[in-house]
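*Asks:* One structure coming up, written as structure tokens, with questions to follow.
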Amino acid sequence: ANQLMIQAAKNSTASQFAAGIAHEIRNPMTAIKGFIQLIDKSKFDTPEYFDVINGEISRIEGILTELLSLAKPETDIFREANLIDLIYHVVILTKTQASIHNIAIEFDPYIENIPYYCDANKIKQVLINLIKNAIESMKNGGRIEVEITLVENMWNIIIADEGTGIPPEVLNNIGKPFVTTKESGTGLGMMVCLEILKQHNGKLTFNTGPNGTTSIIQLPFIK
Ligand code: ADP
Ligand code: MG
């Protein structure tokens, strides 16, 4: 299996800039979306063009959402959270989407509480992005296993899927913006994960092959 460990993105200023632009684009986009919905499509010869427009608007919204999650919080919102609860929350959140695709997500932690000082919403975002990728890689259904273990002085949150694996040329560029193999992908999910993990002194590693991918989030153990 191929293995790759990627260090968090170095360029924080670029991230802030991207988030700022996304913020500026969001308001006009909301207006465009709203007014298009008010147009009486039946008066046009080609009402199907509106589906194309709406599809592309959704795509832009997806990009903006990813970029906005790069924004630094206004105030310092690192707080004590329970890593276990946080993972449960994301598992419950993604279960519906998974079951539509005949995928079961399993998480049976052997610990009940892991108090952890972090930006909980951002760590959730990392988990959501990784689980979403796992789901999207499993076209024929299957199982996704989520686990948390302490390895040396790092918490390892492991997401193991039974998908198609990450193609080598993608693996080499993963975390760079707009790297995607999906028709409606943004190619921003992994970049966002890296930026968030960087803010937490964390790491992201992939172990991948034709039988699936294991994505590993590493977060420093804090006493
Ligand atoms: P997107 O999901 O929008 O394509 P991401 O940054 O989340 O963008 O992922 C980039 C690419 O990495 C994906 O398009 C896919 O090719 C690959 N990838 C990431 N995670 C997995 C996975 N678990 N299994 C297979 N491929 C993956
Ligand atoms: Mg993704």
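Labels for the structure tokens follow display order: chains A, B, ..., residues from 1 in each chain, ligands from 1.
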8 Å from ligand 1 is the threshold here; counting only C-alpha atoms and all ligand atoms, which polymer residues fall inside it? Answer as a PyMOL selection string.
*Replies:* chain A and resi 129-138+160-161+163-167+170-171+174-182+184-192+208+212-215
*Asks:* How about saving the chosen residues, N, CA and C atoms kept, as a short mmCIF file (atom, residue, chain, number, x, y, z; two decimals), in the first residue's frame?
*Replies:*
```cif
data_model
loop_
_atom_site.label_atom_id
_atom_site.label_comp_id
_atom_site.auth_asym_id
_atom_site.auth_seq_id
_atom_site.Cartn_x
_atom_site.Cartn_y
_atom_site.Cartn_z
N ASN A 129 -15.02 15.85 6.56
CA ASN A 129 -14.39 15.79 5.24
C ASN A 129 -13.79 14.42 4.96
N LEU A 130 -13.15 13.83 5.97
CA LEU A 130 -12.51 12.52 5.76
C LEU A 130 -13.57 11.42 5.62
N ILE A 131 -14.61 11.47 6.43
CA ILE A 131 -15.67 10.44 6.32
C ILE A 131 -16.43 10.60 5.00
N LYS A 132 -16.65 11.83 4.59
CA LYS A 132 -17.31 12.06 3.29
C LYS A 132 -16.49 11.45 2.15
N ASN A 133 -15.19 11.67 2.18
CA ASN A 133 -14.32 11.07 1.15
C ASN A 133 -14.39 9.54 1.21
N ALA A 134 -14.43 9.00 2.42
CA ALA A 134 -14.53 7.54 2.57
C ALA A 134 -15.83 7.05 1.93
N ILE A 135 -16.92 7.71 2.23
CA ILE A 135 -18.23 7.33 1.67
C ILE A 135 -18.18 7.40 0.14
N GLU A 136 -17.63 8.51 -0.35
CA GLU A 136 -17.61 8.71 -1.80
C GLU A 136 -16.70 7.73 -2.53
N SER A 137 -15.81 7.06 -1.79
CA SER A 137 -14.90 6.10 -2.45
C SER A 137 -15.50 4.70 -2.51
N MET A 138 -16.65 4.50 -1.83
CA MET A 138 -17.23 3.16 -1.74
C MET A 138 -18.52 3.06 -2.53
N ALA A 160 -11.07 4.03 8.46
CA ALA A 160 -10.70 2.99 7.49
C ALA A 160 -11.89 2.69 6.58
N ASP A 161 -11.70 2.87 5.28
CA ASP A 161 -12.77 2.56 4.34
C ASP A 161 -12.42 1.36 3.47
N GLY A 163 -12.91 1.45 0.12
CA GLY A 163 -13.11 2.07 -1.18
C GLY A 163 -12.02 1.72 -2.19
N THR A 164 -12.00 2.51 -3.23
CA THR A 164 -11.13 2.25 -4.38
C THR A 164 -9.67 2.63 -4.16
N GLY A 165 -9.39 3.32 -3.07
CA GLY A 165 -8.02 3.78 -2.83
C GLY A 165 -7.76 5.11 -3.52
N ILE A 166 -6.72 5.77 -3.08
CA ILE A 166 -6.36 7.07 -3.67
C ILE A 166 -5.37 6.83 -4.80
N PRO A 167 -5.67 7.28 -6.00
CA PRO A 167 -4.72 7.09 -7.10
C PRO A 167 -3.39 7.75 -6.77
N VAL A 170 -2.87 11.42 -7.36
CA VAL A 170 -3.66 12.25 -6.44
C VAL A 170 -2.97 12.29 -5.08
N LEU A 171 -2.52 11.12 -4.63
CA LEU A 171 -1.84 11.02 -3.33
C LEU A 171 -0.65 11.98 -3.24
N ILE A 174 -2.20 15.50 -2.80
CA ILE A 174 -3.35 15.67 -1.90
C ILE A 174 -3.10 16.81 -0.93
N GLY A 175 -4.10 17.62 -0.71
CA GLY A 175 -3.94 18.78 0.16
C GLY A 175 -3.65 20.06 -0.61
N LYS A 176 -3.29 19.90 -1.89
CA LYS A 176 -3.16 21.09 -2.73
C LYS A 176 -4.56 21.46 -3.22
N PRO A 177 -4.80 22.76 -3.40
CA PRO A 177 -6.16 23.15 -3.79
C PRO A 177 -6.56 22.61 -5.16
N PHE A 178 -7.82 22.28 -5.29
CA PHE A 178 -8.48 21.87 -6.54
C PHE A 178 -7.99 20.53 -7.10
N VAL A 179 -7.38 19.72 -6.27
CA VAL A 179 -7.02 18.36 -6.69
C VAL A 179 -8.23 17.47 -6.43
N THR A 180 -8.88 17.03 -7.48
CA THR A 180 -10.06 16.20 -7.32
C THR A 180 -10.19 15.21 -8.46
N THR A 181 -10.80 14.05 -8.18
CA THR A 181 -11.11 13.09 -9.23
C THR A 181 -12.62 12.98 -9.42
N LYS A 182 -13.35 13.87 -8.70
CA LYS A 182 -14.82 13.78 -8.71
C LYS A 182 -15.43 14.81 -9.62
N SER A 184 -18.17 16.45 -9.38
CA SER A 184 -18.63 17.66 -8.71
C SER A 184 -17.83 17.91 -7.43
N GLY A 185 -16.58 17.46 -7.42
CA GLY A 185 -15.73 17.70 -6.25
C GLY A 185 -15.16 19.11 -6.26
N THR A 186 -14.79 19.60 -5.08
CA THR A 186 -14.16 20.92 -5.01
C THR A 186 -12.63 20.77 -4.97
N GLY A 187 -12.16 19.63 -4.52
CA GLY A 187 -10.72 19.47 -4.34
C GLY A 187 -10.16 20.40 -3.27
N LEU A 188 -11.02 20.75 -2.32
CA LEU A 188 -10.58 21.66 -1.25
C LEU A 188 -10.65 21.01 0.13
N GLY A 189 -11.32 19.86 0.20
CA GLY A 189 -11.54 19.21 1.50
C GLY A 189 -10.25 18.91 2.25
N MET A 190 -9.29 18.32 1.55
CA MET A 190 -8.05 17.93 2.23
C MET A 190 -7.19 19.15 2.58
N MET A 191 -7.25 20.17 1.74
CA MET A 191 -6.53 21.40 2.05
C MET A 191 -7.06 22.02 3.35
N VAL A 192 -8.39 22.02 3.47
CA VAL A 192 -9.02 22.55 4.68
C VAL A 192 -8.60 21.71 5.90
N THR A 208 -2.98 3.76 1.68
CA THR A 208 -4.00 3.47 0.68
C THR A 208 -3.58 2.40 -0.32
N GLY A 212 -8.77 -0.27 -0.18
CA GLY A 212 -9.30 0.79 0.67
C GLY A 212 -8.24 1.73 1.19
N THR A 213 -8.72 2.70 1.94
CA THR A 213 -7.85 3.75 2.45
C THR A 213 -8.03 3.88 3.96
N THR A 214 -6.92 4.07 4.64
CA THR A 214 -6.98 4.41 6.05
C THR A 214 -6.46 5.83 6.19
N SER A 215 -7.32 6.72 6.65
CA SER A 215 -6.90 8.10 6.89
C SER A 215 -6.66 8.24 8.38
#
```
*Asks:* Would you give me, as an MDAnalysis selection string, the residues in range 74-163 of chain A that DSSP reads as strand (DSSP E or B)?
*Replies:* chainID A and resid 79:82 103:107 115:118 142:151 154:160
*Asks:* Okay, now the selection with N, CA and C atoms, as an mmCIF file, in the first residue's frame?
*Replies:*
```cif
data_model
loop_
_atom_site.group_PDB
_atom_site.id
_atom_site.type_symbol
_atom_site.label_atom_id
_atom_site.label_comp_id
_atom_site.auth_asym_id
_atom_site.auth_seq_id
_atom_site.Cartn_x
_atom_site.Cartn_y
_atom_site.Cartn_z
ATOM 1 N N ARG A 79 -11.375 25.358 23.317
ATOM 2 C CA ARG A 79 -12.001 25.034 24.606
ATOM 3 C C ARG A 79 -11.797 23.559 24.877
ATOM 4 N N GLU A 80 -12.105 23.171 26.117
ATOM 5 C CA GLU A 80 -12.029 21.754 26.403
ATOM 6 C C GLU A 80 -13.278 21.058 25.862
ATOM 7 N N ALA A 81 -13.058 20.029 25.045
ATOM 8 C CA ALA A 81 -14.157 19.243 24.502
ATOM 9 C C ALA A 81 -13.837 17.777 24.777
ATOM 10 N N ASN A 82 -14.828 16.907 24.585
ATOM 11 C CA ASN A 82 -14.574 15.475 24.718
ATOM 12 C C ASN A 82 -14.407 14.883 23.315
ATOM 13 N N ILE A 103 -23.683 1.895 3.289
ATOM 14 C CA ILE A 103 -22.425 1.888 4.035
ATOM 15 C C ILE A 103 -22.739 1.994 5.530
ATOM 16 N N ALA A 104 -22.107 1.120 6.311
ATOM 17 C CA ALA A 104 -22.258 1.187 7.762
ATOM 18 C C ALA A 104 -21.034 1.876 8.339
ATOM 19 N N ILE A 105 -21.244 2.808 9.259
ATOM 20 C CA ILE A 105 -20.111 3.447 9.933
ATOM 21 C C ILE A 105 -20.061 2.925 11.360
ATOM 22 N N GLU A 106 -18.904 2.387 11.745
ATOM 23 C CA GLU A 106 -18.779 1.829 13.087
ATOM 24 C C GLU A 106 -17.779 2.589 13.939
ATOM 25 N N PHE A 107 -18.224 2.855 15.155
ATOM 26 C CA PHE A 107 -17.339 3.511 16.112
ATOM 27 C C PHE A 107 -17.652 2.957 17.502
ATOM 28 N N PRO A 115 -10.858 14.256 27.353
ATOM 29 C CA PRO A 115 -10.923 15.717 27.392
ATOM 30 C C PRO A 115 -9.819 16.266 26.502
ATOM 31 N N TYR A 116 -10.179 17.197 25.629
ATOM 32 C CA TYR A 116 -9.173 17.697 24.689
ATOM 33 C C TYR A 116 -9.400 19.169 24.408
ATOM 34 N N TYR A 117 -8.329 19.897 24.456
ATOM 35 C CA TYR A 117 -8.373 21.337 24.251
ATOM 36 C C TYR A 117 -8.244 21.622 22.755
ATOM 37 N N CYS A 118 -9.326 22.082 22.142
ATOM 38 C CA CYS A 118 -9.294 22.262 20.680
ATOM 39 C C CYS A 118 -10.429 23.183 20.221
ATOM 40 N N GLY A 142 -20.434 -1.025 1.945
ATOM 41 C CA GLY A 142 -19.419 -1.662 2.784
ATOM 42 C C GLY A 142 -19.379 -1.039 4.167
ATOM 43 N N ARG A 143 -18.190 -1.084 4.768
ATOM 44 C CA ARG A 143 -18.040 -0.622 6.140
ATOM 45 C C ARG A 143 -16.958 0.446 6.270
ATOM 46 N N ILE A 144 -17.241 1.409 7.095
ATOM 47 C CA ILE A 144 -16.213 2.384 7.464
ATOM 48 C C ILE A 144 -15.998 2.229 8.962
ATOM 49 N N GLU A 145 -14.752 2.021 9.349
ATOM 50 C CA GLU A 145 -14.468 1.880 10.773
ATOM 51 C C GLU A 145 -13.729 3.096 11.293
ATOM 52 N N VAL A 146 -14.252 3.633 12.370
ATOM 53 C CA VAL A 146 -13.616 4.775 13.011
ATOM 54 C C VAL A 146 -13.079 4.307 14.363
ATOM 55 N N GLU A 147 -11.856 4.701 14.658
ATOM 56 C CA GLU A 147 -11.195 4.231 15.877
ATOM 57 C C GLU A 147 -10.362 5.359 16.458
ATOM 58 N N ILE A 148 -10.185 5.329 17.765
ATOM 59 C CA ILE A 148 -9.223 6.273 18.350
ATOM 60 C C ILE A 148 -8.301 5.525 19.304
ATOM 61 N N THR A 149 -7.012 5.739 19.106
ATOM 62 C CA THR A 149 -6.030 5.088 19.983
ATOM 63 C C THR A 149 -4.918 6.072 20.305
ATOM 64 N N LEU A 150 -4.241 5.791 21.394
ATOM 65 C CA LEU A 150 -3.099 6.615 21.767
ATOM 66 C C LEU A 150 -1.831 5.887 21.342
ATOM 67 N N VAL A 151 -1.090 6.513 20.440
ATOM 68 C CA VAL A 151 0.161 5.916 19.978
ATOM 69 C C VAL A 151 1.282 6.866 20.358
ATOM 70 N N MET A 154 0.654 10.700 20.703
ATOM 71 C CA MET A 154 -0.333 11.279 19.790
ATOM 72 C C MET A 154 -1.643 10.495 19.846
ATOM 73 N N TRP A 155 -2.770 11.212 19.870
ATOM 74 C CA TRP A 155 -4.054 10.560 19.636
ATOM 75 C C TRP A 155 -4.160 10.292 18.141
ATOM 76 N N ASN A 156 -4.445 9.056 17.784
ATOM 77 C CA ASN A 156 -4.649 8.710 16.386
ATOM 78 C C ASN A 156 -6.126 8.450 16.150
ATOM 79 N N ILE A 157 -6.749 9.248 15.325
ATOM 80 C CA ILE A 157 -8.136 8.972 14.944
ATOM 81 C C ILE A 157 -8.076 8.362 13.546
ATOM 82 N N ILE A 158 -8.542 7.120 13.466
ATOM 83 C CA ILE A 158 -8.366 6.336 12.253
ATOM 84 C C ILE A 158 -9.704 6.145 11.546
ATOM 85 N N ILE A 159 -9.731 6.434 10.264
ATOM 86 C CA ILE A 159 -10.942 6.225 9.467
ATOM 87 C C ILE A 159 -10.573 5.255 8.349
ATOM 88 N N ALA A 160 -11.074 4.026 8.457
ATOM 89 C CA ALA A 160 -10.701 2.990 7.486
ATOM 90 C C ALA A 160 -11.890 2.691 6.577
#
```
*Asks:* Measuring between only C-alpha atoms and all ligand atoms, which one of A:Pro47, A:Gly34, A:Pro220, A:Gly62 shows the shortest distance to ligand 2?
*Replies:*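 Of all the options, A:Gly62 lies closest to ligand 2.
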*Asks:* Would you please give, as a ChimeraX atom specification, all residues of chain A that DSSP assigns to alpha helix (DSSP H) based on the backbone?
*Replies:* /A:12-38,48-68,83-100,120-137,168-171,189-199
*Asks:* I'd like the interatomic distance between CA of Gln218 in chain A and CA of Lys198 in chain A, to a tenth of an Å.
*Replies:*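 Answer for the CA of Gln218 in chain A to CA of Lys198 in chain A separation: 10.6 Å.
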*Asks:* Under the rule that only C-alpha atoms are counted, which of A:Ile84, A:Ile111, A:Ile222, A:Ile25 is the nearest residue to Glu61 in chain A?
*Replies:*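 Checking each of A:Ile84, A:Ile111, A:Ile222, A:Ile25 against Glu61 in chain A, counting only C-alpha atoms, the winner is A:Ile25.
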*Asks:* Just checking: using only C-alpha atoms, which residue out of A:Glu183, A:Glu112, A:Glu169, A:Glu24 ends up closest to Leu68 in chain A?
*Replies:*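 So, comparing all the options, the nearest one is A:Glu24.
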*Asks:* Residues at most 9 Å from Leu64 in chain A, counting only C-alpha atoms, excluding those fewer than 6 positions away in the same chain, as a list in words?
*Replies:*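 Once the adjacent positions are removed, what remains is Ala19, Ile21, Ala22, His23, Ile25 and Arg26 of chain A.
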